[in-house]
file coords_12.txt (compact mmCIF, C-alpha atoms)
# COMPACT_ATOMS: atom_id res chain seq x y z
CA MET A 1 0.08 -29.59 12.48
CA ALA A 2 -1.07 -27.09 9.85
CA GLU A 3 1.25 -24.16 9.28
CA THR A 4 0.12 -20.75 10.44
CA GLU A 5 -0.56 -17.94 8.01
CA ALA A 6 2.60 -16.16 9.17
CA GLU A 7 4.71 -19.25 8.45
CA LEU A 8 3.25 -19.66 4.98
CA VAL A 9 3.73 -15.97 4.21
CA ALA A 10 7.38 -16.19 5.31
CA ARG A 11 7.88 -19.14 2.97
CA VAL A 12 6.23 -17.33 0.06
CA ARG A 13 8.51 -14.36 0.67
CA ARG A 14 11.42 -16.74 0.18
CA GLY A 15 9.89 -17.78 -3.16
CA ASP A 16 8.31 -21.02 -2.00
CA ARG A 17 5.68 -21.97 -4.59
CA GLU A 18 4.31 -24.80 -2.50
CA ALA A 19 3.48 -22.37 0.30
CA ALA A 20 1.66 -20.13 -2.19
CA GLY A 21 -0.31 -23.20 -3.26
CA HIS A 22 -1.29 -23.89 0.36
CA LEU A 23 -2.52 -20.32 0.74
CA ALA A 24 -4.57 -20.71 -2.44
CA GLU A 25 -6.09 -23.95 -1.17
CA ARG A 26 -7.07 -22.28 2.07
CA TYR A 27 -8.38 -18.98 0.81
CA LEU A 28 -9.23 -18.95 -2.90
CA ARG A 29 -12.77 -20.16 -2.33
CA GLY A 30 -13.24 -17.58 0.41
CA CYS A 31 -11.95 -14.93 -1.99
CA ARG A 32 -14.55 -16.05 -4.50
CA ALA A 33 -17.33 -15.79 -1.89
CA VAL A 34 -16.23 -12.29 -0.88
CA ALA A 35 -16.00 -11.24 -4.53
CA LEU A 36 -19.44 -12.72 -5.20
CA SER A 37 -20.89 -10.69 -2.33
CA ILE A 38 -19.98 -7.54 -4.27
CA VAL A 39 -19.92 -8.59 -7.91
CA SER A 40 -23.13 -9.74 -9.46
CA ASP A 41 -21.92 -12.55 -11.69
CA LEU A 42 -20.06 -15.77 -11.03
CA SER A 43 -17.46 -15.45 -13.77
CA GLY A 44 -16.77 -11.86 -12.72
CA ALA A 45 -16.33 -13.05 -9.14
CA GLU A 46 -13.85 -15.71 -10.27
CA ASP A 47 -11.86 -13.17 -12.30
CA VAL A 48 -11.76 -10.79 -9.36
CA CYS A 49 -10.70 -13.46 -6.88
CA GLN A 50 -7.91 -14.70 -9.15
CA ASP A 51 -6.62 -11.16 -9.83
CA ALA A 52 -6.77 -10.28 -6.14
CA PHE A 53 -4.92 -13.40 -5.04
CA VAL A 54 -2.14 -12.91 -7.62
CA TYR A 55 -1.86 -9.26 -6.62
CA ALA A 56 -1.57 -10.24 -2.96
CA ILE A 57 1.33 -12.57 -3.80
CA GLU A 58 3.02 -9.84 -5.87
CA ARG A 59 2.72 -7.43 -2.94
CA ILE A 60 3.29 -9.94 -0.17
CA ASP A 61 6.06 -7.81 1.32
CA ASP A 62 3.43 -5.13 1.98
CA CYS A 63 1.50 -7.43 4.32
CA ARG A 64 2.44 -5.84 7.61
CA HIS A 65 0.78 -8.48 9.76
CA PRO A 66 1.50 -11.88 8.19
CA GLU A 67 -0.45 -13.59 10.97
CA ARG A 68 -3.52 -11.82 9.51
CA PHE A 69 -2.72 -12.46 5.85
CA SER A 70 -6.25 -13.67 5.09
CA ALA A 71 -7.86 -10.49 6.45
CA TRP A 72 -5.49 -8.41 4.32
CA LEU A 73 -6.20 -10.64 1.31
CA MET A 74 -9.98 -10.29 1.75
CA GLN A 75 -9.65 -6.50 1.82
CA ILE A 76 -7.77 -6.66 -1.48
CA VAL A 77 -10.61 -8.78 -2.89
CA ARG A 78 -13.20 -6.25 -1.72
CA ASN A 79 -11.31 -3.35 -3.26
CA ARG A 80 -10.88 -5.17 -6.57
CA ALA A 81 -14.52 -6.25 -6.59
CA ARG A 82 -15.69 -2.70 -6.00
CA ASN A 83 -13.47 -1.46 -8.82
CA TYR A 84 -14.92 -4.18 -11.06
CA VAL A 85 -18.46 -3.09 -10.28
CA ARG A 86 -17.62 0.57 -10.72
CA ASP A 87 -15.84 -0.01 -14.01
CA ARG A 88 -18.16 -2.49 -15.64
CA LYS A 89 -21.60 -2.97 -14.18
CA ASP A 90 -24.06 -1.63 -11.68
CA TRP A 91 -24.90 -4.28 -9.08
CA ARG A 92 -28.60 -4.12 -9.87
CA ASN A 93 -28.44 -3.72 -13.62
CA VAL A 94 -26.76 -6.98 -14.52
CA PRO A 95 -28.23 -8.60 -17.59
CA ILE A 96 -29.79 -11.89 -16.56
CA GLU A 97 -27.86 -13.69 -19.35
CA SER A 98 -24.62 -12.98 -17.49
CA ILE A 99 -25.76 -14.80 -14.33
CA THR A 100 -24.79 -18.22 -15.62
CA ASP A 101 -21.68 -20.30 -15.58
CA SER A 102 -19.90 -21.32 -18.72
CA GLY A 103 -18.65 -24.80 -19.36
CA GLY A 104 -20.10 -28.08 -20.43
CA GLY A 105 -21.26 -31.05 -18.45
CA PRO A 106 -24.94 -31.21 -17.47
CA SER A 107 -27.77 -31.39 -19.95
CA PRO A 108 -29.24 -28.12 -21.19
CA ALA A 109 -32.40 -28.65 -19.14
CA ARG A 110 -30.48 -29.32 -15.96
CA GLU A 111 -28.15 -26.45 -16.65
CA ALA A 112 -31.13 -24.14 -17.18
CA GLU A 113 -32.63 -25.28 -13.87
CA ARG A 114 -29.35 -24.72 -12.11
CA ALA A 115 -28.95 -21.35 -13.74
CA ASP A 116 -32.48 -20.40 -12.57
CA LEU A 117 -31.64 -21.32 -9.01
CA ARG A 118 -28.36 -19.41 -9.12
CA GLU A 119 -30.18 -16.46 -10.61
CA GLN A 120 -32.75 -16.54 -7.84
CA LEU A 121 -30.09 -16.72 -5.16
CA LEU A 122 -28.08 -13.88 -6.67
CA ALA A 123 -31.21 -11.77 -7.06
CA ALA A 124 -32.12 -12.41 -3.41
CA LEU A 125 -28.56 -11.68 -2.25
CA ALA A 126 -28.70 -8.40 -4.15
CA GLU A 127 -31.38 -7.25 -1.71
CA LEU A 128 -29.06 -7.54 1.28
CA PRO A 129 -26.49 -4.99 2.46
CA GLU A 130 -23.00 -5.89 1.25
CA GLU A 131 -21.66 -6.84 4.67
CA ARG A 132 -24.51 -9.29 5.31
CA ARG A 133 -24.04 -10.82 1.88
CA GLU A 134 -20.41 -11.45 2.65
CA VAL A 135 -21.18 -12.96 6.07
CA VAL A 136 -23.85 -15.35 4.79
CA LEU A 137 -21.72 -16.46 1.83
CA LEU A 138 -18.65 -17.08 3.98
CA HIS A 139 -20.65 -18.95 6.61
CA ASP A 140 -23.36 -20.85 4.77
CA LEU A 141 -21.55 -21.41 1.47
CA GLU A 142 -17.91 -21.68 2.58
CA GLY A 143 -18.39 -23.05 6.09
CA TRP A 144 -16.30 -20.49 7.92
CA THR A 145 -16.95 -20.11 11.63
CA HIS A 146 -18.24 -16.91 13.25
CA ARG A 147 -14.78 -16.33 14.69
CA GLU A 148 -12.99 -16.80 11.35
CA ILE A 149 -15.40 -14.40 9.67
CA ALA A 150 -15.05 -11.88 12.50
CA GLU A 151 -11.25 -11.92 12.17
CA ARG A 152 -11.25 -11.51 8.39
CA MET A 153 -13.91 -8.85 8.34
CA ASP A 154 -12.65 -7.05 11.42
CA LEU A 155 -16.03 -7.31 13.12
CA PRO A 156 -17.03 -8.41 16.62
CA PRO A 157 -18.27 -12.02 16.65
CA GLY A 158 -21.62 -10.82 17.98
CA THR A 159 -22.06 -8.59 14.94
CA VAL A 160 -21.26 -11.51 12.65
CA ARG A 161 -23.95 -13.61 14.34
CA SER A 162 -26.43 -10.78 14.06
CA HIS A 163 -25.65 -10.22 10.38
CA LEU A 164 -26.03 -13.94 9.73
CA HIS A 165 -29.35 -14.13 11.50
CA HIS A 166 -30.81 -11.15 9.64
CA ALA A 167 -29.37 -12.24 6.30
CA ARG A 168 -30.89 -15.68 6.55
CA LYS A 169 -34.24 -14.35 7.64
CA ARG A 170 -34.39 -11.91 4.74
CA LEU A 171 -33.15 -14.44 2.18
CA ARG A 172 -35.78 -16.96 3.25
CA GLU A 173 -38.50 -14.36 2.83
CA LEU A 174 -37.19 -13.37 -0.59
CA LEU A 175 -36.66 -16.92 -1.83
CA THR A 176 -40.14 -17.89 -0.71
CA LYS A 177 -41.56 -14.93 -2.61
CA LEU A 178 -39.55 -15.86 -5.70
CA LYS A 179 -40.93 -19.41 -5.58
CA ASP A 180 -44.46 -18.30 -4.82
CA PRO A 181 -44.91 -14.73 -5.99
CA GLU A 182 -48.58 -14.69 -5.00
CA GLU A 183 -47.79 -15.45 -1.32
CA MET B 1 -23.43 -27.86 13.69
CA ASP B 2 -25.62 -25.06 12.40
CA ASP B 3 -29.03 -26.47 11.42
CA ASP B 4 -30.25 -23.07 10.41
CA ARG B 5 -27.80 -22.88 7.53
CA LEU B 6 -29.22 -21.79 4.19
CA ASN B 7 -28.75 -24.03 1.21
CA LEU B 8 -26.52 -21.97 -1.09
CA SER B 9 -25.08 -25.01 -2.85
CA ALA B 10 -26.23 -23.65 -6.24
CA LEU B 11 -23.39 -21.14 -5.85
CA ASP B 12 -20.82 -23.75 -4.78
CA PRO B 13 -17.88 -23.86 -7.22
CA MET B 14 -17.64 -27.61 -6.66
CA ARG B 15 -20.92 -28.04 -8.55
CA GLU B 16 -18.62 -27.84 -11.58
CA PRO B 17 -15.35 -29.25 -10.24
CA GLU B 18 -13.44 -29.22 -13.53
CA HIS B 19 -14.23 -25.59 -14.08
CA TRP B 20 -13.12 -24.69 -10.57
CA GLN B 21 -9.96 -26.79 -10.85
CA SER B 22 -9.12 -25.03 -14.09
CA ALA B 23 -9.60 -21.62 -12.43
CA PHE B 24 -7.48 -22.75 -9.49
CA ASP B 25 -4.69 -24.04 -11.76
CA SER B 26 -4.59 -20.86 -13.82
CA THR B 27 -4.33 -18.82 -10.60
CA LEU B 28 -1.34 -20.89 -9.51
CA ALA B 29 0.26 -20.55 -12.94
CA ARG B 30 0.07 -16.76 -12.59
CA VAL B 31 1.45 -17.01 -9.05
CA ASP B 32 4.36 -19.10 -10.40
CA ALA B 33 5.20 -16.34 -12.88
CA VAL B 34 5.11 -13.77 -10.08
CA LEU B 35 7.45 -15.81 -7.89
CA ARG B 36 9.87 -16.43 -10.78
CA GLU B 37 10.04 -12.69 -11.47
CA ARG B 38 10.56 -12.05 -7.76
CA GLU B 39 13.43 -14.55 -7.74
CA ARG B 40 14.99 -12.92 -10.79
CA ARG B 41 14.81 -9.45 -9.23
CA GLN B 42 16.54 -10.76 -6.11
CA ASP B 43 19.48 -12.24 -8.09
CA PRO B 44 22.67 -10.45 -6.88
CA LEU B 45 23.82 -9.57 -10.42
CA VAL B 46 20.44 -8.09 -11.25
CA LEU B 47 20.55 -6.10 -8.00
CA ILE B 48 24.02 -4.72 -8.75
CA ALA B 49 23.01 -3.82 -12.32
CA GLY B 50 20.02 -2.08 -10.83
CA TRP B 51 22.20 0.00 -8.52
CA MET B 52 24.80 0.74 -11.22
CA ARG B 53 22.53 2.74 -13.46
CA PRO B 54 21.46 5.32 -10.90
CA LEU B 55 25.02 5.46 -9.51
CA LEU B 56 26.43 6.18 -12.97
CA ALA B 57 23.76 8.79 -13.56
CA ALA B 58 24.58 10.44 -10.21
CA ALA B 59 28.28 10.39 -11.06
CA ALA B 60 27.62 12.03 -14.44
CA VAL B 61 25.54 14.76 -12.84
CA THR B 62 28.17 15.35 -10.17
CA VAL B 63 30.91 15.72 -12.76
CA ALA B 64 28.73 18.03 -14.84
CA ILE B 65 28.27 20.26 -11.81
CA LEU B 66 31.81 20.05 -10.41
CA ILE B 67 33.73 20.99 -13.54
CA PRO B 68 32.09 24.38 -14.02
CA MET B 69 32.28 24.89 -10.26
CA GLU B 70 35.98 24.22 -10.30
CA ILE B 71 36.48 26.58 -13.19
CA ALA B 72 34.50 29.22 -11.37
CA LEU B 73 36.44 28.57 -8.16
CA GLU B 74 39.74 28.85 -9.98
CA LYS B 75 38.64 32.18 -11.34
CA ASN B 76 37.61 33.20 -7.86
CA GLU B 77 40.97 32.14 -6.50
CA ILE B 78 42.66 34.23 -9.17
CA ASN B 79 40.31 37.06 -8.38
CA ALA B 80 40.95 36.64 -4.64
CA GLU B 81 44.67 36.82 -5.29
CA ARG B 82 44.24 39.93 -7.39
CA VAL B 83 42.08 41.55 -4.75
CA GLN B 84 44.75 40.78 -2.16
CA LEU B 85 47.39 42.30 -4.46
CA LEU B 86 45.25 45.34 -4.93
CA VAL B 87 44.84 45.66 -1.16
CA THR B 88 48.58 45.28 -0.62
CA PHE B 89 49.51 47.83 -3.24
CA SER B 90 46.77 50.18 -2.07
CA MET B 91 48.22 50.08 1.41
CA ASP B 92 51.71 50.64 0.04
CA TRP B 93 50.45 53.49 -2.06
CA ALA B 94 48.57 54.90 0.90
CA HIS B 95 51.63 54.66 3.17
CA GLY B 96 53.82 56.05 0.45
CA GLU B 97 51.33 58.76 -0.29
CA GLN B 98 51.75 57.77 -3.84
CA GLN B 99 48.71 57.86 -6.07
CA PRO B 100 48.50 54.80 -8.32
CA THR B 101 48.17 55.40 -12.00
CA GLY B 102 45.57 53.79 -14.23
CA THR B 103 48.35 51.62 -15.61
CA ASP B 104 49.31 50.47 -12.10
CA LEU B 105 45.70 49.46 -11.38
CA LEU B 106 45.31 47.61 -14.65
CA ARG B 107 48.50 45.73 -14.05
CA VAL B 108 47.40 44.65 -10.60
CA LEU B 109 44.00 43.55 -11.83
CA SER B 110 45.47 41.55 -14.71
CA GLY B 111 47.92 39.82 -12.39
CA VAL B 112 51.03 41.46 -13.75
CA GLU B 113 53.54 42.32 -11.09
CA VAL B 114 53.82 45.99 -10.39
CA GLN B 115 57.12 47.40 -9.33

call {"tool": "encode", "arguments": {"input": "coords_12.txt", "output": "structure tokens"}}
result
Amino acid sequence: MAETEAELVARVRRGDREAAGHLAERYLRGCRAVALSIVSDLSGAEDVCQDAFVYAIERIDDCRHPERFSAWLMQIVRNRARNYVRDRKDWRNVPIESITDSGGGPSPAREAERADLREQLLAALAELPEERREVVLLHDLEGWTHREIAERMDLPPGTVRSHLHHARKRLRELLTKLKDPEE
Amino acid sequence: MDDDRLNLSALDPMREPEHWQSAFDSTLARVDAVLRERERRQDPLVLIAGWMRPLLAAAAVTVAILIPMEIALEKNEINAERVQLLVTFSMDWAHGEQQPTGTDLLRVLSGVEVQ
């Protein structure tokens, strides 16, 4: 049976590295999605999520409700992401060159195509309110349930469903326009 | 299963698994350093050394305050004794209807016994 958040937090407080690894496996991708909902570039989102996670481990004694560690962690991510945006870039004024991933692998043509698609998605996401961006990324990218999202974002499940519905609707409109600007 | 899900796979970190694994590993390396530092800070000797410095500082301050206080108090005690002497002799002089001389007063105030 998987350990609860509170159990893992208790282990980390005792210096258990394995428990910290389990928390990273569970939540680092979610941290990235939350960071991406605020920060406009993928590498910035990865930097933010790493910094936030490390900070959360440093300050793990400050987590007053270990059974809600992930909600506390996500709030740290949001704060860090907002500081990142404030200190470095405006959400809407990101140079297009920065909306690409580094690293080798695929051919230049394929990488360009992938970068185009990412760019389109990020541009479309930019049109949504921050909360809806976070909901749609956590649900449709990371596979979290409505209930999990509601707990981590401190929202009623009904609000999460509503955000998701409206986010998808708007993204579909925008992505269709991006593909076919004359439509 | 949610059939209405948008395809956001272009943003999935697992599109470049090595890159994501590298980011994950470097996060855990930083976490390791944090936990090692935490362990070091919780070592009993480190804790005692941590307490010692402020304790020593407090002791130094206390001594720095107490010594002048003690000196001042000693003076006050001497002064209190002299005041008491003055009171005693004043009463004697008053009862004896004898006016004290300047010399008598000086002697009392300097702690010299007056006949």

call {"tool": "interface_residues", "arguments": {"input": "coords_12.txt", "of": "chain A", "to": "chain B", "cutoff": "7 Å", "atoms": "all atoms listed in the file", "output": "PDB file with C-alpha atoms, in the frame of the given file"}}
result
ATOM      1  CA  GLY A  15       9.890 -17.780  -3.160  1.00  0.00           C
ATOM      2  CA  ARG A  17       5.680 -21.970  -4.590  1.00  0.00           C
ATOM      3  CA  GLY A  21      -0.310 -23.200  -3.260  1.00  0.00           C
ATOM      4  CA  GLN A  50      -7.910 -14.700  -9.150  1.00  0.00           C
ATOM      5  CA  VAL A  54      -2.140 -12.910  -7.620  1.00  0.00           C
ATOM      6  CA  ILE A  57       1.330 -12.570  -3.800  1.00  0.00           C
ATOM      7  CA  GLU A  58       3.020  -9.840  -5.870  1.00  0.00           C
ATOM      8  CA  GLY A 103     -18.650 -24.800 -19.360  1.00  0.00           C
ATOM      9  CA  ARG A 114     -29.350 -24.720 -12.110  1.00  0.00           C
ATOM     10  CA  LEU A 117     -31.640 -21.320  -9.010  1.00  0.00           C
ATOM     11  CA  ARG A 118     -28.360 -19.410  -9.120  1.00  0.00           C
ATOM     12  CA  ASP A 140     -23.360 -20.850   4.770  1.00  0.00           C
ATOM     13  CA  LEU A 141     -21.550 -21.410   1.470  1.00  0.00           C
ATOM     14  CA  ARG A 168     -30.890 -15.680   6.550  1.00  0.00           C
TER      15      ARG A 168
END

call {"tool": "closest_residue", "arguments": {"input": "coords_12.txt", "among": "A:Cys63, A:Val39, A:Leu178, A:Val136", "to": "Asp87 (chain A)", "atoms": "only C-alpha atoms"}}
result
A:Val39

call {"tool": "atom_distance", "arguments": {"input": "coords_12.txt", "atom1": "CA of Tyr27 (chain A)", "atom2": "CA of His163 (chain A)"}}
result
21.6 Å

call {"tool": "closest_residue", "arguments": {"input": "coords_12.txt", "among": "A:Val12, A:Glu3, A:Val48, A:Arg132", "to": "Arg29 (chain A)", "atoms": "all atoms listed in the file"}}
result
A:Val48

call {"tool": "closest_residue", "arguments": {"input": "coords_12.txt", "among": "A:Leu23, A:Leu28, A:Ala112, A:Leu125", "to": "Gln21 (chain B)", "atoms": "only C-alpha atoms"}}
result
A:Leu28

call {"tool": "residues_around", "arguments": {"input": "coords_12.txt", "residues": "Leu171 (chain A)", "least_positions_apart": "5", "cutoff": "10 Å", "atoms": "only C-alpha atoms", "output": "PyMOL selection string"}}
result
(chain A and resi 121+123-128+133+136+166+176-177) or (chain B and resi 6)

call {"tool": "atom_distance", "arguments": {"input": "coords_12.txt", "atom1": "CA of Ala45 (chain A)", "atom2": "CA of Tyr84 (chain A)"}}
result
9.2 Å

call {"tool": "atom_distance", "arguments": {"input": "coords_12.txt", "atom1": "CA of Glu151 (chain A)", "atom2": "CA of Arg68 (chain A)"}}
result
8.2 Å

call {"tool": "axis_aligned_box", "arguments": {"input": "coords_12.txt", "around": "region 124-139 of chain A", "padding_each_side": "4 Å", "output": "AutoDock Vina command-line options"}}
result
--center_x -25.4 --center_y -12.0 --center_z 1.2 --size_x 21.5 --size_y 22.0 --size_z 18.8
